[in-house]
Amino acid sequence: MTTDEIKIRYIMLTLMKGLGPVAQNALLDICGNVTNCFEVSYDDIICADDMKLIGKNKISSFVLQRKDMALRSHAEELLETSKSLGIDVVTREDSSFPDRFKGIKEMPAVLYTKGCLKINESERSAGIVGARRCSPEGKEKAIELASRVVSCGTAVISGMAKGIDSYAHTAALKSRGYTIAVLGNGVDICYPKEHDRLYEEIIRTGCVLSEYPPGIVPKEYYFPRRNRIIAALSDTLYVIDAGRRSGTETTIESSRKYGREVIAV
């Protein structure tokens, strides 16, 4: 089976209605790979030990949707669009897919990336997140911390938001370190728009990534989902200037859930 066909099937899986990342990963674990997912029978899936993670209704829905030609056509279009925009479609079966996602059922099965995804080459990674409207002291702490950790070969992970995120990315780049920006929209869209220069600089030496296909615009409820990916990619999460009830709380919660160290700076 061609690489393109494997990617099309992965994209189809992520587009299916009623099947979130947990169900998608359960199906892939049961079947072994995406090729088998699209070929094994309903009865074979039902008989699997992990079937309860999905449920019969979702399995029935999956079996029906995998034959949906409109869905396949949409997946083919997304793959072609990604190629035309210089976006890589990275699946669970690719060597560059983050090892840090292993064992976390709610991680996406597909990532859309621009730049070089080489997080598996980094022995350590540090998430640096915090307030958009940060204090001057918070800004200094973000810059100092990012500069210090990349000097030790640690990758810096953040969300390219205003404030702490952008200062951490910028400091990592200036120190010639590796940094990843996780977006809450398609990677073909720079958000916020005023970070277009930072966005391009990250792509040149680091990576921007998202679980959302190209063309997906940012929406408020996408960002808590984005934050779980930041948490999973980070061995240690550093939190700077974050107030209560801020978006950073979801990143902290996910980090603790995944067994990551959380440090308030």
# chains A, B, ... in the order shown; residues from 1 in each chain; ligands from 1

$ select_by_dssp --residues "range 46-136 of chain A" --states "strand (DSSP E or B)" --output "list in words"
Asp88, Val89, Val90, Thr91, Val110, Leu111, Tyr112, Thr113, Lys114, Gly115, Ser125, Ala126, Gly127, Ile128, Val129 and Gly130 of chain A

$ residues_around --residues "range 15-23 of chain A" --least-positions-apart "5" --cutoff "9 Å" --atoms "only C-alpha atoms" --output "MDAnalysis selection string"
chainID A and resid 10 28 53:55 58:59 61:62 65:66 71 74:75 104:109

$ closest_residue --among "A:Gly159, A:Pro98, A:Pro213, A:Gly247" --to "Leu78 in chain A" --atoms "only C-alpha atoms"
A:Pro213

$ residues_around --residues "Gly130 in chain A" --least-positions-apart "4" --cutoff "8 Å" --atoms "only C-alpha atoms" --output "list in words"
Cys134, Gly163, Ile164, Asp165, Val239, Ile240, Asp241, Ala242 and Thr248 of chain A

$ write_last_selection --atoms "C-alpha atoms" --output "PDB file, in the first residue's frame"
ATOM      1  CA  CYS A 134       2.305  39.212  31.363  1.00  0.00           C
ATOM      2  CA  GLY A 163       2.888  37.182  25.934  1.00  0.00           C
ATOM      3  CA  ILE A 164       4.841  34.379  27.583  1.00  0.00           C
ATOM      4  CA  ASP A 165       4.466  31.932  24.662  1.00  0.00           C
ATOM      5  CA  VAL A 239       4.120  28.184  34.140  1.00  0.00           C
ATOM      6  CA  ILE A 240       4.796  31.928  34.265  1.00  0.00           C
ATOM      7  CA  ASP A 241       2.413  34.708  35.362  1.00  0.00           C
ATOM      8  CA  ALA A 242      -0.694  32.570  34.896  1.00  0.00           C
ATOM      9  CA  THR A 248      -3.052  27.769  31.161  1.00  0.00           C
TER      10      THR A 248
END

$ select_by_dssp --residues "range 22-159 of chain A" --states "alpha helix (DSSP H)" --output "ChimeraX atom specification"
/A:22-31,34-37,42-46,56-65,69-84,136-150

$ atom_distance --atom1 "CA of Val217 in chain A" --atom2 "CA of Lys193 in chain A"
11.9 Å

$ residues_around --residues "Ser60 in chain A" --least-positions-apart "4" --cutoff "8 Å" --atoms "only C-alpha atoms" --output "NGL selection string"
:A and (42 or 56 or 64)

$ write_last_selection --atoms "all heavy atoms" --output "mmCIF file, in the first residue's frame"
data_model
loop_
_atom_site.group_PDB
_atom_site.id
_atom_site.type_symbol
_atom_site.label_atom_id
_atom_site.label_comp_id
_atom_site.auth_asym_id
_atom_site.auth_seq_id
_atom_site.Cartn_x
_atom_site.Cartn_y
_atom_site.Cartn_z
ATOM 1 N N TYR A 42 -16.439 -6.331 10.979
ATOM 2 C CA TYR A 42 -17.105 -5.835 12.194
ATOM 3 C C TYR A 42 -16.975 -6.868 13.311
ATOM 4 O O TYR A 42 -16.672 -6.525 14.465
ATOM 5 C CB TYR A 42 -18.579 -5.561 11.884
ATOM 6 C CG TYR A 42 -19.443 -5.290 13.097
ATOM 7 C CD1 TYR A 42 -19.542 -4.012 13.637
ATOM 8 C CD2 TYR A 42 -20.179 -6.321 13.693
ATOM 9 C CE1 TYR A 42 -20.336 -3.762 14.753
ATOM 10 C CE2 TYR A 42 -20.972 -6.082 14.804
ATOM 11 C CZ TYR A 42 -21.054 -4.811 15.331
ATOM 12 O OH TYR A 42 -21.834 -4.574 16.423
ATOM 13 N N LYS A 56 -20.150 -0.754 20.778
ATOM 14 C CA LYS A 56 -20.693 -1.321 19.546
ATOM 15 C C LYS A 56 -21.228 -0.260 18.592
ATOM 16 O O LYS A 56 -21.091 -0.384 17.377
ATOM 17 C CB LYS A 56 -21.792 -2.334 19.884
ATOM 18 C CG LYS A 56 -21.283 -3.599 20.544
ATOM 19 C CD LYS A 56 -22.408 -4.591 20.771
ATOM 20 C CE LYS A 56 -21.889 -5.882 21.387
ATOM 21 N NZ LYS A 56 -22.974 -6.872 21.607
ATOM 22 N N LEU A 64 -19.425 1.670 8.740
ATOM 23 C CA LEU A 64 -20.207 2.334 7.693
ATOM 24 C C LEU A 64 -19.414 3.477 7.045
ATOM 25 O O LEU A 64 -19.378 3.611 5.818
ATOM 26 C CB LEU A 64 -21.516 2.871 8.267
ATOM 27 C CG LEU A 64 -22.600 1.847 8.607
ATOM 28 C CD1 LEU A 64 -23.764 2.528 9.322
ATOM 29 C CD2 LEU A 64 -23.101 1.147 7.342
#

$ residues_around --residues "Ile6 in chain A" --least-positions-apart "3" --cutoff "12 Å" --atoms "only C-alpha atoms" --output "VMD selection string"
chain A and resid 1 to 3 9 to 13 33 to 38 72 75 to 76 79 89 to 94 110

$ write_last_selection --atoms "C-alpha atoms" --output "mmCIF file, in the first residue's frame"
data_model
loop_
_atom_site.group_PDB
_atom_site.id
_atom_site.type_symbol
_atom_site.label_atom_id
_atom_site.label_comp_id
_atom_site.auth_asym_id
_atom_site.auth_seq_id
_atom_site.Cartn_x
_atom_site.Cartn_y
_atom_site.Cartn_z
ATOM 1 C CA MET A 1 0.000 0.000 0.000
ATOM 2 C CA THR A 2 1.330 3.444 -0.935
ATOM 3 C CA THR A 3 2.255 6.092 1.627
ATOM 4 C CA ARG A 9 -7.060 6.416 5.480
ATOM 5 C CA TYR A 10 -5.675 8.127 8.555
ATOM 6 C CA ILE A 11 -7.260 11.418 7.524
ATOM 7 C CA MET A 12 -10.564 9.631 6.882
ATOM 8 C CA LEU A 13 -10.419 8.144 10.382
ATOM 9 C CA ASN A 33 -2.532 -0.424 11.833
ATOM 10 C CA VAL A 34 -4.782 1.717 9.673
ATOM 11 C CA THR A 35 -4.673 -0.752 6.764
ATOM 12 C CA ASN A 36 -6.225 -3.446 8.910
ATOM 13 C CA CYS A 37 -8.732 -0.947 10.325
ATOM 14 C CA PHE A 38 -10.223 -0.530 6.867
ATOM 15 C CA ARG A 72 -12.661 9.592 1.128
ATOM 16 C CA ALA A 75 -9.516 13.161 2.777
ATOM 17 C CA GLU A 76 -7.855 13.050 -0.647
ATOM 18 C CA LEU A 79 -3.832 15.501 1.486
ATOM 19 C CA VAL A 89 0.770 14.834 7.289
ATOM 20 C CA VAL A 90 2.369 12.833 10.098
ATOM 21 C CA THR A 91 0.582 9.680 11.283
ATOM 22 C CA ARG A 92 1.036 7.235 14.147
ATOM 23 C CA GLU A 93 2.961 4.983 11.783
ATOM 24 C CA ASP A 94 5.601 7.589 10.892
ATOM 25 C CA VAL A 110 -2.633 12.541 12.799
#

$ residues_around --residues "Ile229 in chain A" --least-positions-apart "2" --cutoff "9 Å" --atoms "only C-alpha atoms" --output "number ranges by chain"
A: 101, 107-108, 182, 210-211, 225-227, 231-234, 251, 254

$ atom_distance --atom1 "CA of Arg197 in chain A" --atom2 "CA of Ile143 in chain A"
17.8 Å

$ closest_residue --among "A:Met69, A:Cys47, A:Ala264, A:Ile189" --to "Gly127 in chain A" --atoms "only C-alpha atoms"
A:Ala264

$ closest_residue --among "A:Ser96, A:Pro214, A:Ala146, A:Ala161" --to "Asp188 in chain A" --atoms "only C-alpha atoms"
A:Pro214
